[in-house]
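Chemist: So that you have it, the file is my_file19.cif, and it contains mmCIF, C-alpha atoms:
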```
data_my_file
loop_
_atom_site.group_PDB
_atom_site.id
_atom_site.type_symbol
_atom_site.label_atom_id
_atom_site.label_comp_id
_atom_site.auth_asym_id
_atom_site.auth_seq_id
_atom_site.Cartn_x
_atom_site.Cartn_y
_atom_site.Cartn_z
ATOM 1 C CA MET A 1 -12.512 3.591 7.663
ATOM 2 C CA GLU A 2 -14.440 6.724 8.582
ATOM 3 C CA TRP A 3 -12.728 6.784 11.983
ATOM 4 C CA SER A 4 -9.300 6.589 10.306
ATOM 5 C CA GLN A 5 -10.219 9.318 7.824
ATOM 6 C CA SER A 6 -11.433 11.594 10.605
ATOM 7 C CA LEU A 7 -8.293 11.021 12.673
ATOM 8 C CA ARG A 8 -5.975 11.763 9.734
ATOM 9 C CA ALA A 9 -7.969 14.883 8.840
ATOM 10 C CA THR A 10 -7.577 16.174 12.400
ATOM 11 C CA LEU A 11 -3.879 15.296 12.666
ATOM 12 C CA PHE A 12 -2.957 16.638 9.252
ATOM 13 C CA ASN A 13 -5.207 19.731 9.290
ATOM 14 C CA PRO A 14 -2.373 22.307 9.641
ATOM 15 C CA LEU A 15 -0.360 20.588 6.911
ATOM 16 C CA LEU A 16 -3.450 20.264 4.683
ATOM 17 C CA LYS A 17 -4.005 24.028 4.920
ATOM 18 C CA ILE A 18 -0.419 24.720 3.892
ATOM 19 C CA LEU A 19 -0.442 22.216 1.024
ATOM 20 C CA SER A 20 -3.749 23.572 -0.237
ATOM 21 C CA LYS A 21 -2.482 27.183 -0.129
ATOM 22 C CA LEU A 22 0.616 26.101 -2.064
ATOM 23 C CA GLY A 23 -1.641 24.600 -4.749
ATOM 24 C CA PHE A 24 -0.866 20.945 -4.106
ATOM 25 C CA THR A 25 -3.580 18.475 -5.069
ATOM 26 C CA ALA A 26 -4.118 14.894 -3.970
ATOM 27 C CA THR A 27 -2.853 13.804 -7.393
ATOM 28 C CA HIS A 28 0.415 15.649 -6.771
ATOM 29 C CA ILE A 29 0.769 13.835 -3.451
ATOM 30 C CA SER A 30 -0.007 10.476 -5.100
ATOM 31 C CA ILE A 31 2.664 11.117 -7.740
ATOM 32 C CA LEU A 32 5.218 12.012 -5.057
ATOM 33 C CA SER A 33 4.189 8.884 -3.163
ATOM 34 C CA LEU A 34 4.768 6.784 -6.293
ATOM 35 C CA ILE A 35 8.154 8.384 -6.965
ATOM 36 C CA THR A 36 9.425 7.832 -3.419
ATOM 37 C CA GLY A 37 8.074 4.273 -3.384
ATOM 38 C CA LEU A 38 9.729 3.436 -6.692
ATOM 39 C CA ALA A 39 12.972 5.143 -5.637
ATOM 40 C CA PHE A 40 13.207 2.613 -2.790
ATOM 41 C CA CYS A 41 14.211 -0.082 -5.273
ATOM 42 C CA PRO A 42 17.350 1.307 -6.957
ATOM 43 C CA CYS A 43 18.368 2.929 -3.687
ATOM 44 C CA PHE A 44 18.065 -0.373 -1.792
ATOM 45 C CA ILE A 45 19.976 -2.302 -4.462
ATOM 46 C CA TRP A 46 22.735 0.127 -5.413
ATOM 47 C CA ILE A 47 22.978 3.069 -3.028
ATOM 48 C CA ASN A 48 22.091 2.794 0.645
ATOM 49 C CA GLN A 49 19.581 0.490 2.308
ATOM 50 C CA ALA A 50 18.987 2.811 5.271
ATOM 51 C CA PHE A 51 18.161 5.691 2.938
ATOM 52 C CA ALA A 52 15.927 3.349 0.926
ATOM 53 C CA PHE A 53 13.898 2.738 4.084
ATOM 54 C CA VAL A 54 13.635 6.504 4.610
ATOM 55 C CA LEU A 55 12.165 6.756 1.100
ATOM 56 C CA LEU A 56 9.696 3.967 1.872
ATOM 57 C CA PHE A 57 8.698 5.777 5.077
ATOM 58 C CA ILE A 58 8.131 9.000 3.112
ATOM 59 C CA HIS A 59 6.047 7.024 0.607
ATOM 60 C CA SER A 60 3.932 5.687 3.484
ATOM 61 C CA LEU A 61 3.417 9.164 4.934
ATOM 62 C CA LEU A 62 2.430 10.573 1.557
ATOM 63 C CA ASP A 63 0.114 7.610 1.015
ATOM 64 C CA GLY A 64 -1.774 8.651 4.136
ATOM 65 C CA LEU A 65 -1.944 12.280 3.052
ATOM 66 C CA ASP A 66 -3.494 12.265 -0.418
ATOM 67 C CA GLY A 67 -6.983 11.210 0.702
ATOM 68 C CA PRO A 68 -7.210 13.750 3.516
ATOM 69 C CA LEU A 69 -5.992 16.476 1.139
ATOM 70 C CA ALA A 70 -8.639 15.546 -1.420
ATOM 71 C CA ARG A 71 -11.371 15.610 1.230
ATOM 72 C CA TYR A 72 -10.015 18.900 2.640
ATOM 73 C CA ARG A 73 -10.109 20.493 -0.806
ATOM 74 C CA GLY A 74 -13.509 18.958 -1.603
ATOM 75 C CA THR A 75 -12.106 17.041 -4.567
ATOM 76 C CA ALA A 76 -12.377 13.464 -3.267
ATOM 77 C CA SER A 77 -13.469 11.112 -6.043
ATOM 78 C CA ASN A 78 -13.488 7.521 -7.184
ATOM 79 C CA ARG A 79 -10.743 8.451 -9.680
ATOM 80 C CA GLY A 80 -8.528 9.649 -6.871
ATOM 81 C CA SER A 81 -9.236 6.567 -4.792
ATOM 82 C CA PHE A 82 -8.407 4.377 -7.793
ATOM 83 C CA THR A 83 -5.163 6.295 -8.413
ATOM 84 C CA ASP A 84 -4.159 5.958 -4.772
ATOM 85 C CA THR A 85 -4.871 2.227 -4.775
ATOM 86 C CA MET A 86 -2.895 1.683 -7.978
ATOM 87 C CA VAL A 87 0.069 3.609 -6.565
ATOM 88 C CA ASP A 88 -0.097 1.414 -3.458
ATOM 89 C CA GLN A 89 -0.233 -1.741 -5.578
ATOM 90 C CA ILE A 90 2.714 -0.692 -7.741
ATOM 91 C CA VAL A 91 4.857 0.054 -4.687
ATOM 92 C CA VAL A 92 3.820 -3.180 -2.930
ATOM 93 C CA THR A 93 4.779 -5.121 -6.054
ATOM 94 C CA ILE A 94 8.069 -3.394 -6.823
ATOM 95 C CA THR A 95 9.312 -3.458 -3.232
ATOM 96 C CA ALA A 96 8.529 -7.164 -2.922
ATOM 97 C CA ILE A 97 10.287 -7.820 -6.242
ATOM 98 C CA THR A 98 13.281 -5.902 -4.911
ATOM 99 C CA MET A 99 13.384 -8.082 -1.810
ATOM 100 C CA ILE A 100 13.162 -11.197 -4.010
ATOM 101 C CA TYR A 101 15.883 -9.865 -6.340
ATOM 102 C CA THR A 102 18.221 -9.168 -3.416
ATOM 103 C CA GLN A 103 17.447 -12.637 -2.002
ATOM 104 C CA HIS A 104 15.952 -11.324 1.224
ATOM 105 C CA ALA A 105 12.649 -12.959 0.218
ATOM 106 C CA GLY A 106 12.018 -16.279 -1.401
ATOM 107 C CA ILE A 107 10.514 -16.280 -4.863
ATOM 108 C CA TRP A 108 7.476 -18.323 -3.786
ATOM 109 C CA GLU A 109 6.757 -16.366 -0.625
ATOM 110 C CA GLY A 110 7.221 -13.000 -2.350
ATOM 111 C CA SER A 111 5.304 -14.015 -5.468
ATOM 112 C CA LEU A 112 2.325 -15.388 -3.532
ATOM 113 C CA TYR A 113 2.221 -12.204 -1.449
ATOM 114 C CA ILE A 114 2.240 -10.052 -4.607
ATOM 115 C CA PHE A 115 -0.366 -12.237 -6.330
ATOM 116 C CA PHE A 116 -2.869 -12.439 -3.490
ATOM 117 C CA TYR A 117 -2.425 -8.763 -2.622
ATOM 118 C CA ALA A 118 -3.325 -7.861 -6.215
ATOM 119 C CA VAL A 119 -6.288 -10.260 -6.259
ATOM 120 C CA VAL A 120 -7.710 -8.804 -3.044
ATOM 121 C CA VAL A 121 -7.374 -5.263 -4.426
ATOM 122 C CA VAL A 122 -9.107 -6.182 -7.687
ATOM 123 C CA PHE A 123 -11.835 -8.101 -5.891
ATOM 124 C CA ALA A 124 -12.388 -5.163 -3.539
ATOM 125 C CA PHE A 125 -13.074 -2.921 -6.550
ATOM 126 C CA VAL A 126 -15.394 -5.490 -8.118
ATOM 127 C CA ARG A 127 -17.245 -6.117 -4.869
ATOM 128 C CA ASN A 128 -17.689 -2.372 -4.310
ATOM 129 C CA ALA A 129 -19.060 -2.018 -7.854
ATOM 130 C CA LEU A 130 -21.493 -4.868 -7.136
ATOM 131 C CA ASP A 131 -22.479 -3.152 -3.876
ATOM 132 C CA ALA A 132 -21.121 -6.084 -1.855
ATOM 133 C CA PRO A 133 -18.017 -4.711 -0.130
ATOM 134 C CA TYR A 134 -15.834 -6.830 2.105
ATOM 135 C CA SER A 135 -17.054 -6.778 5.709
ATOM 136 C CA TRP A 136 -13.399 -6.410 6.709
ATOM 137 C CA LEU A 137 -10.272 -6.118 4.668
ATOM 138 C CA ILE A 138 -6.645 -6.377 5.622
ATOM 139 C CA ARG A 139 -3.920 -5.052 3.383
ATOM 140 C CA PRO A 140 -0.742 -5.804 5.298
ATOM 141 C CA ARG A 141 1.644 -3.640 3.284
ATOM 142 C CA PHE A 142 2.778 -1.485 6.213
ATOM 143 C CA ILE A 143 3.480 -4.549 8.350
ATOM 144 C CA ILE A 144 5.520 -6.031 5.510
ATOM 145 C CA TYR A 145 7.356 -2.732 4.959
ATOM 146 C CA ILE A 146 8.336 -2.759 8.633
ATOM 147 C CA TRP A 147 9.293 -6.409 8.316
ATOM 148 C CA TYR A 148 11.753 -5.488 5.539
ATOM 149 C CA ILE A 149 13.631 -3.479 8.175
ATOM 150 C CA ILE A 150 13.388 -6.324 10.697
ATOM 151 C CA GLU A 151 14.780 -8.689 8.040
ATOM 152 C CA ILE A 152 17.749 -6.470 7.240
ATOM 153 C CA TYR A 153 18.742 -5.258 10.694
ATOM 154 C CA TRP A 154 17.447 -7.678 13.333
ATOM 155 C CA TRP A 155 16.095 -11.038 12.221
ATOM 156 C CA GLU A 156 17.503 -12.299 8.947
ATOM 157 C CA GLY A 157 15.409 -15.060 7.438
ATOM 158 C CA SER A 158 12.139 -13.982 9.065
ATOM 159 C CA LEU A 159 10.716 -12.129 6.064
ATOM 160 C CA ASN A 160 9.608 -15.331 4.356
ATOM 161 C CA TRP A 161 7.485 -16.183 7.398
ATOM 162 C CA ALA A 162 5.904 -12.715 7.414
ATOM 163 C CA LEU A 163 5.221 -12.882 3.667
ATOM 164 C CA SER A 164 3.742 -16.376 3.997
ATOM 165 C CA ILE A 165 1.386 -15.318 6.801
ATOM 166 C CA ALA A 166 0.326 -12.214 4.873
ATOM 167 C CA ALA A 167 -0.186 -14.241 1.691
ATOM 168 C CA GLY A 168 -2.246 -16.791 3.636
ATOM 169 C CA ILE A 169 -4.565 -14.124 5.047
ATOM 170 C CA LEU A 170 -4.856 -12.484 1.638
ATOM 171 C CA ALA A 171 -5.556 -15.894 0.051
ATOM 172 C CA ILE A 172 -8.495 -16.425 2.413
ATOM 173 C CA LYS A 173 -9.877 -12.986 1.489
ATOM 174 C CA SER A 174 -9.323 -13.816 -2.194
ATOM 175 C CA PHE A 175 -11.347 -17.019 -1.956
ATOM 176 C CA THR A 176 -14.185 -15.426 0.006
ATOM 177 C CA GLY A 177 -14.143 -12.513 -2.439
ATOM 178 C CA PHE A 178 -14.307 -14.883 -5.407
ATOM 179 C CA PHE A 179 -17.340 -16.723 -4.068
ATOM 180 C CA SER A 180 -19.114 -13.489 -3.139
ATOM 181 C CA ILE A 181 -18.546 -12.060 -6.619
ATOM 182 C CA ARG A 182 -19.527 -15.328 -8.297
ATOM 183 C CA LYS A 183 -22.788 -15.431 -6.349
ATOM 184 C CA ARG A 184 -23.684 -11.884 -7.458
ATOM 185 C CA ILE A 185 -23.015 -12.204 -11.198
#
```
Give the structure from this file in structure tokens form.

Modeler:
Amino acid sequence: MEWSQSLRATLFNPLLKILSKLGFTATHISILSLITGLAFCPCFIWINQAFAFVLLFIHSLLDGLDGPLARYRGTASNRGSFTDTMVDQIVVTITAITMIYTQHAGIWEGSLYIFFYAVVVVFAFVRNALDAPYSWLIRPRFIIYIWYIIEIYWWEGSLNWALSIAAGILAIKSFTGFFSIRKRI
């Protein structure tokens, strides 16, 4: 995680300077990330799927920018981390629901992905509070976001497989997280 943070800080440094001078905060970036992530849904359903994917890409870029901006400005906090994680979870959930609604994802595959993703996120917070963080953690949202594009443009019917694999990995982390938390309380 530290390696990733350092890399993003280096890559985004010129942009971080500009955003900071303009008065943007990490919270502003998180709000913009939420708005673009949520805008994916009505855009995908009613307007233009290609543009919806542009919005999801912008959400992903903004998602990678709020933490570095907070650290650059010296305002990084647990509140900000919590806000960022909740924005991520909302967008993961609403985009998966959109894919279920438009019948690009099965209800079971999409629902299990949403459920286990949420469980892993909650357990990660609990484990961190108990000073027993996961030794490794995978949150496959970006892979699934890319797979939405693969489903629409190249390989129709493959999204359910991707969601099932992601849900399976997240289920394993959920069970190991449960037993770790149970042992500590």

Chemist: Write out as number ranges by chain each polymer residue whose atoms come within 9 Å of A:Gly168, counting only C-alpha atoms; drop sequence neighbours fewer than 3 positions from it.

Modeler: A: 112-113, 116, 163-165, 171-173

Chemist: Output C-alpha atoms for every residue in that selection, as a compact mmCIF listing (two decimals), keeping the file's coordinate frame.

Modeler:
```txt
# COMPACT_ATOMS: atom_id res chain seq x y z
CA LEU A 112 2.33 -15.39 -3.53
CA TYR A 113 2.22 -12.20 -1.45
CA PHE A 116 -2.87 -12.44 -3.49
CA LEU A 163 5.22 -12.88 3.67
CA SER A 164 3.74 -16.38 4.00
CA ILE A 165 1.39 -15.32 6.80
CA ALA A 171 -5.56 -15.89 0.05
CA ILE A 172 -8.49 -16.42 2.41
CA LYS A 173 -9.88 -12.99 1.49
```

Chemist: Do you have the atom CA of A:Phe115-atom CA of A:Ile100 distance handy?

Modeler: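 Distance reported for this atom pair: 13.8 Å.
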
Chemist: What is the distance between atom CA of A:Ser33 and atom CA of A:Thr95, in Å to one decimal?

Modeler: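 Distance reported for this atom pair: 13.4 Å.
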
Chemist: Would you kindly return, as a PDB file with C-alpha atoms, in the frame of the given file, each protein, DNA or RNA residue with an atom no farther than 8 Å from any atom of stretch 130-143 of chain A, considering all atoms listed in the file and excluding same-chain residues fewer than 3 positions away?

Modeler:
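Final file, part03.pdb:
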```pdb
ATOM      1  CA  SER A  60       3.932   5.687   3.484  1.00  0.00           C
ATOM      2  CA  VAL A  92       3.820  -3.180  -2.930  1.00  0.00           C
ATOM      3  CA  TYR A 117      -2.425  -8.763  -2.622  1.00  0.00           C
ATOM      4  CA  ALA A 124     -12.388  -5.163  -3.539  1.00  0.00           C
ATOM      5  CA  VAL A 126     -15.394  -5.490  -8.118  1.00  0.00           C
ATOM      6  CA  ARG A 127     -17.245  -6.117  -4.869  1.00  0.00           C
ATOM      7  CA  ILE A 146       8.336  -2.759   8.633  1.00  0.00           C
ATOM      8  CA  TRP A 147       9.293  -6.409   8.316  1.00  0.00           C
ATOM      9  CA  ALA A 166       0.326 -12.214   4.873  1.00  0.00           C
ATOM     10  CA  LEU A 170      -4.856 -12.484   1.638  1.00  0.00           C
ATOM     11  CA  LYS A 173      -9.877 -12.986   1.489  1.00  0.00           C
ATOM     12  CA  GLY A 177     -14.143 -12.513  -2.439  1.00  0.00           C
ATOM     13  CA  SER A 180     -19.114 -13.489  -3.139  1.00  0.00           C
ATOM     14  CA  ILE A 181     -18.546 -12.060  -6.619  1.00  0.00           C
ATOM     15  CA  ARG A 184     -23.684 -11.884  -7.458  1.00  0.00           C
TER      16      ARG A 184
END
```

Chemist: Between atom CA of A:Asp66 and atom CA of A:Thr27, measure the distance and give it in Å to one decimal.

Modeler: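 A separation of 7.2 Å between them.
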
Chemist: Care to translate the PyMOL selection byres ((chain A and resi 61) around 12) into actual residues of this file, as a ChimeraX atom specification?

Modeler: /A:8,12,29-30,32-34,36-37,54-60,62-68,88,142

Chemist: Apply the PyMOL selection byres ((chain A and resi 104-106) around 10) to the displayed file and report the matching residues as JSON, numbers by chain.

Modeler: {"A": [96, 97, 98, 99, 100, 101, 102, 103, 107, 108, 109, 110, 111, 112, 148, 151, 152, 156, 157, 158, 159, 160, 161, 162, 163, 164]}

Chemist: Might you pull out every residue within 10 Å of A:Ala50, with all atoms listed in the file counted and same-chain residues fewer than 6 positions away left off, and present them as a ChimeraX atom specification?

Modeler: /A:40,43-44,56,149,152-153

Chemist: Fewer than 3 positions away in the same chain doesn't count, so skip those; otherwise give me all residues within 10 Å of A:Arg71, counting all atoms listed in the file, as a count of residues only.

Modeler: 11

Chemist: Restricting the calculation to only C-alpha atoms, which member of A:Val120, A:Ala129, A:Ile150, A:Leu69 is positioned closest to A:Leu15?

Modeler: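 Counting only C-alpha atoms, the residue closest to A:Leu15 is A:Leu69.
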
Chemist: Let me make sure I understand: among A:Phe123, A:Trp155, A:Asn128, A:Thr10, which one has the smallest atom-to-atom distance to A:Phe178 if we use only C-alpha atoms?

Modeler: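 Smallest distance to A:Phe178 is found for A:Phe123.
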